[in-house]
>>> print(open('entry_18.csv').read())   # CSV, N, CA and C atoms
chain,number,residue,atom,x,y,z
A,1176,MET,N,-6.8,15.2,-9.1
A,1176,MET,CA,-6.9,14.0,-8.2
A,1176,MET,C,-5.8,14.2,-7.1
A,1177,ALA,N,-6.1,14.3,-5.9
A,1177,ALA,CA,-5.1,14.5,-4.8
A,1177,ALA,C,-4.3,13.2,-4.7
A,1178,ARG,N,-4.9,12.1,-4.8
A,1178,ARG,CA,-4.2,10.8,-4.6
A,1178,ARG,C,-3.1,10.7,-5.7
A,1179,ALA,N,-3.4,10.9,-7.0
A,1179,ALA,CA,-2.4,10.8,-8.1
A,1179,ALA,C,-1.3,11.9,-7.9
A,1180,ALA,N,-1.7,13.1,-7.4
A,1180,ALA,CA,-0.7,14.1,-7.2
A,1180,ALA,C,0.4,13.6,-6.2
A,1181,GLY,N,0.1,12.8,-5.3
A,1181,GLY,CA,1.0,12.3,-4.3
A,1181,GLY,C,2.1,11.4,-4.9
A,1182,PHE,N,1.8,10.9,-6.1
A,1182,PHE,CA,2.8,10.0,-6.8
A,1182,PHE,C,3.5,10.7,-7.9
A,1183,ALA,N,3.4,12.0,-8.0
A,1183,ALA,CA,4.0,12.8,-9.0
A,1183,ALA,C,5.5,12.6,-9.2
A,1184,GLY,N,6.3,12.4,-8.1
A,1184,GLY,CA,7.7,12.2,-8.1
A,1184,GLY,C,8.1,10.7,-8.0
A,1185,THR,N,7.2,9.8,-8.3
A,1185,THR,CA,7.4,8.4,-8.2
A,1185,THR,C,7.7,7.8,-9.6
A,1186,ALA,N,8.9,7.2,-9.7
A,1186,ALA,CA,9.2,6.5,-11.0
A,1186,ALA,C,8.7,5.1,-11.0
A,1187,VAL,N,8.8,4.4,-9.9
A,1187,VAL,CA,8.3,3.0,-9.9
A,1187,VAL,C,7.8,2.7,-8.5
A,1188,ASP,N,6.7,1.9,-8.4
A,1188,ASP,CA,6.2,1.5,-7.1
A,1188,ASP,C,5.9,0.0,-7.2
A,1189,GLU,N,6.1,-0.7,-6.1
A,1189,GLU,CA,5.8,-2.1,-6.0
A,1189,GLU,C,5.0,-2.3,-4.8
A,1190,ILE,N,3.9,-3.0,-4.9
A,1190,ILE,CA,3.0,-3.3,-3.8
A,1190,ILE,C,3.1,-4.8,-3.5
A,1191,ARG,N,3.3,-5.2,-2.3
A,1191,ARG,CA,3.4,-6.6,-1.9
A,1191,ARG,C,2.3,-6.9,-0.8
A,1192,ILE,N,1.6,-7.9,-0.9
A,1192,ILE,CA,0.7,-8.3,0.1
A,1192,ILE,C,1.5,-9.3,1.0
A,1193,ASP,N,1.7,-8.9,2.3
A,1193,ASP,CA,2.5,-9.6,3.2
A,1193,ASP,C,1.8,-10.7,4.0
A,1194,PHE,N,0.5,-10.4,4.2
A,1194,PHE,CA,-0.2,-11.3,5.2
A,1194,PHE,C,-1.7,-11.2,4.9
A,1195,VAL,N,-2.4,-12.3,4.9
A,1195,VAL,CA,-3.9,-12.3,4.8
A,1195,VAL,C,-4.4,-13.3,5.8
A,1196,ALA,N,-5.3,-12.9,6.6
A,1196,ALA,CA,-5.9,-13.8,7.6
A,1196,ALA,C,-7.3,-13.4,7.9
A,1197,ARG,N,-8.2,-14.2,7.5
A,1197,ARG,CA,-9.7,-13.9,7.7
A,1197,ARG,C,-10.0,-12.6,7.1
A,1198,ASP,N,-10.2,-11.5,7.9
A,1198,ASP,CA,-10.6,-10.2,7.3
A,1198,ASP,C,-9.5,-9.2,7.5
A,1199,SER,N,-8.2,-9.6,7.7
A,1199,SER,CA,-7.1,-8.7,7.8
A,1199,SER,C,-6.1,-8.9,6.7
A,1200,VAL,N,-5.6,-7.7,6.1
A,1200,VAL,CA,-4.6,-7.8,5.1
A,1200,VAL,C,-3.5,-6.8,5.4
A,1201,ARG,N,-2.3,-7.2,5.3
A,1201,ARG,CA,-1.1,-6.4,5.6
A,1201,ARG,C,-0.4,-6.2,4.3
A,1202,ILE,N,-0.1,-4.9,3.9
A,1202,ILE,CA,0.6,-4.6,2.7
A,1202,ILE,C,1.9,-3.8,2.9
A,1203,HIS,N,2.7,-3.8,1.9
A,1203,HIS,CA,4.0,-3.1,1.9
A,1203,HIS,C,4.2,-2.5,0.5
A,1204,LEU,N,4.5,-1.2,0.5
A,1204,LEU,CA,4.8,-0.5,-0.7
A,1204,LEU,C,6.2,0.0,-0.7
A,1205,HIS,N,6.9,-0.3,-1.8
A,1205,HIS,CA,8.3,0.2,-2.0
A,1205,HIS,C,8.2,1.1,-3.2
A,1206,ALA,N,8.7,2.4,-3.0
A,1206,ALA,CA,8.6,3.4,-4.0
A,1206,ALA,C,10.0,3.9,-4.4
A,1207,VAL,N,10.3,4.0,-5.7
A,1207,VAL,CA,11.5,4.6,-6.2
A,1207,VAL,C,11.1,6.0,-6.8
A,1208,HIS,N,11.7,7.0,-6.2
A,1208,HIS,CA,11.4,8.4,-6.7
A,1208,HIS,C,12.3,8.7,-7.9
A,1209,THR,N,11.8,9.7,-8.7
A,1209,THR,CA,12.5,10.1,-9.9
A,1209,THR,C,13.9,10.7,-9.6
A,1210,ASP,N,14.2,11.1,-8.4
A,1210,ASP,CA,15.5,11.5,-8.1
A,1210,ASP,C,16.4,10.4,-7.6
A,1211,GLY,N,15.9,9.2,-7.6
A,1211,GLY,CA,16.7,8.0,-7.2
A,1211,GLY,C,16.5,7.6,-5.8
A,1212,GLY,N,15.9,8.4,-4.9
A,1212,GLY,CA,15.6,8.1,-3.6
A,1212,GLY,C,14.5,7.0,-3.5
A,1213,THR,N,14.4,6.4,-2.3
A,1213,THR,CA,13.4,5.3,-2.1
A,1213,THR,C,12.6,5.6,-0.9
A,1214,ALA,N,11.5,5.0,-0.8
A,1214,ALA,CA,10.6,5.1,0.4
A,1214,ALA,C,9.9,3.8,0.6
A,1215,GLU,N,9.7,3.4,1.9
A,1215,GLU,CA,9.0,2.2,2.2
A,1215,GLU,C,7.7,2.6,3.1
A,1216,TYR,N,6.6,2.0,2.8
A,1216,TYR,CA,5.4,2.2,3.5
A,1216,TYR,C,4.8,0.9,3.8
A,1217,ALA,N,4.1,0.8,4.9
A,1217,ALA,CA,3.4,-0.5,5.3
A,1217,ALA,C,2.1,-0.1,6.0
A,1218,GLY,N,1.2,-1.0,5.9
A,1218,GLY,CA,-0.1,-0.7,6.5
A,1218,GLY,C,-1.0,-2.0,6.5
A,1219,SER,N,-2.1,-1.9,7.1
A,1219,SER,CA,-3.0,-3.0,7.2
A,1219,SER,C,-4.4,-2.4,7.1
A,1220,CYS,N,-5.3,-3.3,6.7
A,1220,CYS,CA,-6.7,-2.9,6.6
A,1220,CYS,C,-7.6,-4.1,6.9
A,1221,THR,N,-8.8,-3.9,7.2
A,1221,THR,CA,-9.8,-4.9,7.4
A,1221,THR,C,-10.7,-5.0,6.2
A,1222,VAL,N,-10.9,-6.2,5.7
A,1222,VAL,CA,-11.8,-6.4,4.5
A,1222,VAL,C,-13.2,-6.7,5.0
A,1223,ARG,N,-14.1,-6.0,4.4
A,1223,ARG,CA,-15.5,-6.2,4.8
A,1223,ARG,C,-16.3,-6.5,3.5
A,1224,ASP,N,-17.0,-7.6,3.6
A,1224,ASP,CA,-17.8,-8.0,2.4
A,1224,ASP,C,-17.0,-8.1,1.1
A,1225,GLY,N,-15.7,-8.5,1.2
A,1225,GLY,CA,-14.8,-8.7,0.1
A,1225,GLY,C,-14.2,-7.4,-0.4
A,1226,THR,N,-14.4,-6.3,0.3
A,1226,THR,CA,-13.9,-5.0,-0.1
A,1226,THR,C,-13.0,-4.4,0.9
A,1227,ALA,N,-11.8,-3.9,0.5
A,1227,ALA,CA,-10.9,-3.2,1.4
A,1227,ALA,C,-11.2,-1.7,1.3
A,1228,PRO,N,-11.0,-0.9,2.4
A,1228,PRO,CA,-11.1,0.5,2.3
A,1228,PRO,C,-10.1,1.1,1.3
A,1229,ARG,N,-10.3,2.3,0.8
A,1229,ARG,CA,-9.4,2.9,-0.1
A,1229,ARG,C,-8.1,3.4,0.6
A,1230,THR,N,-8.2,3.7,1.9
A,1230,THR,CA,-7.0,4.2,2.6
A,1230,THR,C,-6.7,3.2,3.8
A,1231,PRO,N,-5.7,2.4,3.7
A,1231,PRO,CA,-5.3,1.5,4.8
A,1231,PRO,C,-4.9,2.2,6.0
A,1232,ALA,N,-5.1,1.6,7.1
A,1232,ALA,CA,-4.6,2.1,8.4
A,1232,ALA,C,-3.1,1.9,8.5
A,1233,GLY,N,-2.3,2.8,9.0
A,1233,GLY,CA,-0.9,2.7,9.1
A,1233,GLY,C,-0.5,1.9,10.3
>>> encode(input="entry_18.csv", output="structure tokens")
Amino acid sequence: MARAAGFAGTAVDEIRIDFVARDSVRIHLHAVHTDGGTAEYAGSCTVRDGTAPRTPAG
């Protein structure tokens, strides 16, 4: 699984939903790596028929 391989060096991740309005959702991901480093990611996606796409737009 390519997606799971991307998390190989991740010790902890936290996902927060920052904003929801009608069909738009904004998310934030905080990751702590196994070496102690951290990374922040944010993105948004459009929900269609109650389903969000698997890969949010950055």
>>> select_by_dssp(input="entry_18.csv", residues="stretch 1176-1230 of chain A", states="helix (DSSP H, G or I)", output="MDAnalysis selection string")
chainID A and resid 1177:1180
>>> write_last_selection(input="entry_18.csv", atoms="N, CA and C atoms", output="compact mmCIF listing (two decimals), keeping the file's coordinate frame")
# COMPACT_ATOMS: atom_id res chain seq x y z
N ALA A 1177 -6.10 14.30 -5.90
CA ALA A 1177 -5.10 14.50 -4.80
C ALA A 1177 -4.30 13.20 -4.70
N ARG A 1178 -4.90 12.10 -4.80
CA ARG A 1178 -4.20 10.80 -4.60
C ARG A 1178 -3.10 10.70 -5.70
N ALA A 1179 -3.40 10.90 -7.00
CA ALA A 1179 -2.40 10.80 -8.10
C ALA A 1179 -1.30 11.90 -7.90
N ALA A 1180 -1.70 13.10 -7.40
CA ALA A 1180 -0.70 14.10 -7.20
C ALA A 1180 0.40 13.60 -6.20
>>> residues_around(input="entry_18.csv", residues="stretch 1215-1223 of chain A", least_positions_apart="6", cutoff="10 Å", atoms="only C-alpha atoms", output="list in words")
Asp1188, Glu1189, Ile1190, Arg1191, Ile1192, Asp1193, Phe1194, Val1195, Ala1196, Arg1197, Asp1198, Ser1199, Val1200, Arg1201, Ile1202, His1203, Leu1204, His1205, Ala1206, Val1207, Arg1229, Thr1230, Pro1231, Ala1232 and Gly1233 of chain A
>>> write_last_selection(input="entry_18.csv", atoms="N, CA and C atoms", output="PDB file, in the frame of the given file")
ATOM      1  N   ASP A1188       6.700   1.900  -8.400  1.00  0.00           N
ATOM      2  CA  ASP A1188       6.200   1.500  -7.100  1.00  0.00           C
ATOM      3  C   ASP A1188       5.900   0.000  -7.200  1.00  0.00           C
ATOM      4  N   GLU A1189       6.100  -0.700  -6.100  1.00  0.00           N
ATOM      5  CA  GLU A1189       5.800  -2.100  -6.000  1.00  0.00           C
ATOM      6  C   GLU A1189       5.000  -2.300  -4.800  1.00  0.00           C
ATOM      7  N   ILE A1190       3.900  -3.000  -4.900  1.00  0.00           N
ATOM      8  CA  ILE A1190       3.000  -3.300  -3.800  1.00  0.00           C
ATOM      9  C   ILE A1190       3.100  -4.800  -3.500  1.00  0.00           C
ATOM     10  N   ARG A1191       3.300  -5.200  -2.300  1.00  0.00           N
ATOM     11  CA  ARG A1191       3.400  -6.600  -1.900  1.00  0.00           C
ATOM     12  C   ARG A1191       2.300  -6.900  -0.800  1.00  0.00           C
ATOM     13  N   ILE A1192       1.600  -7.900  -0.900  1.00  0.00           N
ATOM     14  CA  ILE A1192       0.700  -8.300   0.100  1.00  0.00           C
ATOM     15  C   ILE A1192       1.500  -9.300   1.000  1.00  0.00           C
ATOM     16  N   ASP A1193       1.700  -8.900   2.300  1.00  0.00           N
ATOM     17  CA  ASP A1193       2.500  -9.600   3.200  1.00  0.00           C
ATOM     18  C   ASP A1193       1.800 -10.700   4.000  1.00  0.00           C
ATOM     19  N   PHE A1194       0.500 -10.400   4.200  1.00  0.00           N
ATOM     20  CA  PHE A1194      -0.200 -11.300   5.200  1.00  0.00           C
ATOM     21  C   PHE A1194      -1.700 -11.200   4.900  1.00  0.00           C
ATOM     22  N   VAL A1195      -2.400 -12.300   4.900  1.00  0.00           N
ATOM     23  CA  VAL A1195      -3.900 -12.300   4.800  1.00  0.00           C
ATOM     24  C   VAL A1195      -4.400 -13.300   5.800  1.00  0.00           C
ATOM     25  N   ALA A1196      -5.300 -12.900   6.600  1.00  0.00           N
ATOM     26  CA  ALA A1196      -5.900 -13.800   7.600  1.00  0.00           C
ATOM     27  C   ALA A1196      -7.300 -13.400   7.900  1.00  0.00           C
ATOM     28  N   ARG A1197      -8.200 -14.200   7.500  1.00  0.00           N
ATOM     29  CA  ARG A1197      -9.700 -13.900   7.700  1.00  0.00           C
ATOM     30  C   ARG A1197     -10.000 -12.600   7.100  1.00  0.00           C
ATOM     31  N   ASP A1198     -10.200 -11.500   7.900  1.00  0.00           N
ATOM     32  CA  ASP A1198     -10.600 -10.200   7.300  1.00  0.00           C
ATOM     33  C   ASP A1198      -9.500  -9.200   7.500  1.00  0.00           C
ATOM     34  N   SER A1199      -8.200  -9.600   7.700  1.00  0.00           N
ATOM     35  CA  SER A1199      -7.100  -8.700   7.800  1.00  0.00           C
ATOM     36  C   SER A1199      -6.100  -8.900   6.700  1.00  0.00           C
ATOM     37  N   VAL A1200      -5.600  -7.700   6.100  1.00  0.00           N
ATOM     38  CA  VAL A1200      -4.600  -7.800   5.100  1.00  0.00           C
ATOM     39  C   VAL A1200      -3.500  -6.800   5.400  1.00  0.00           C
ATOM     40  N   ARG A1201      -2.300  -7.200   5.300  1.00  0.00           N
ATOM     41  CA  ARG A1201      -1.100  -6.400   5.600  1.00  0.00           C
ATOM     42  C   ARG A1201      -0.400  -6.200   4.300  1.00  0.00           C
ATOM     43  N   ILE A1202      -0.100  -4.900   3.900  1.00  0.00           N
ATOM     44  CA  ILE A1202       0.600  -4.600   2.700  1.00  0.00           C
ATOM     45  C   ILE A1202       1.900  -3.800   2.900  1.00  0.00           C
ATOM     46  N   HIS A1203       2.700  -3.800   1.900  1.00  0.00           N
ATOM     47  CA  HIS A1203       4.000  -3.100   1.900  1.00  0.00           C
ATOM     48  C   HIS A1203       4.200  -2.500   0.500  1.00  0.00           C
ATOM     49  N   LEU A1204       4.500  -1.200   0.500  1.00  0.00           N
ATOM     50  CA  LEU A1204       4.800  -0.500  -0.700  1.00  0.00           C
ATOM     51  C   LEU A1204       6.200   0.000  -0.700  1.00  0.00           C
ATOM     52  N   HIS A1205       6.900  -0.300  -1.800  1.00  0.00           N
ATOM     53  CA  HIS A1205       8.300   0.200  -2.000  1.00  0.00           C
ATOM     54  C   HIS A1205       8.200   1.100  -3.200  1.00  0.00           C
ATOM     55  N   ALA A1206       8.700   2.400  -3.000  1.00  0.00           N
ATOM     56  CA  ALA A1206       8.600   3.400  -4.000  1.00  0.00           C
ATOM     57  C   ALA A1206      10.000   3.900  -4.400  1.00  0.00           C
ATOM     58  N   VAL A1207      10.300   4.000  -5.700  1.00  0.00           N
ATOM     59  CA  VAL A1207      11.500   4.600  -6.200  1.00  0.00           C
ATOM     60  C   VAL A1207      11.100   6.000  -6.800  1.00  0.00           C
ATOM     61  N   ARG A1229     -10.300   2.300   0.800  1.00  0.00           N
ATOM     62  CA  ARG A1229      -9.400   2.900  -0.100  1.00  0.00           C
ATOM     63  C   ARG A1229      -8.100   3.400   0.600  1.00  0.00           C
ATOM     64  N   THR A1230      -8.200   3.700   1.900  1.00  0.00           N
ATOM     65  CA  THR A1230      -7.000   4.200   2.600  1.00  0.00           C
ATOM     66  C   THR A1230      -6.700   3.200   3.800  1.00  0.00           C
ATOM     67  N   PRO A1231      -5.700   2.400   3.700  1.00  0.00           N
ATOM     68  CA  PRO A1231      -5.300   1.500   4.800  1.00  0.00           C
ATOM     69  C   PRO A1231      -4.900   2.200   6.000  1.00  0.00           C
ATOM     70  N   ALA A1232      -5.100   1.600   7.100  1.00  0.00           N
ATOM     71  CA  ALA A1232      -4.600   2.100   8.400  1.00  0.00           C
ATOM     72  C   ALA A1232      -3.100   1.900   8.500  1.00  0.00           C
ATOM     73  N   GLY A1233      -2.300   2.800   9.000  1.00  0.00           N
ATOM     74  CA  GLY A1233      -0.900   2.700   9.100  1.00  0.00           C
ATOM     75  C   GLY A1233      -0.500   1.900  10.300  1.00  0.00           C
TER      76      GLY A1233
END
>>> atom_distance(input="entry_18.csv", atom1="atom C of A:Gly1184", atom2="atom N of A:Thr1226")
29.4 Å
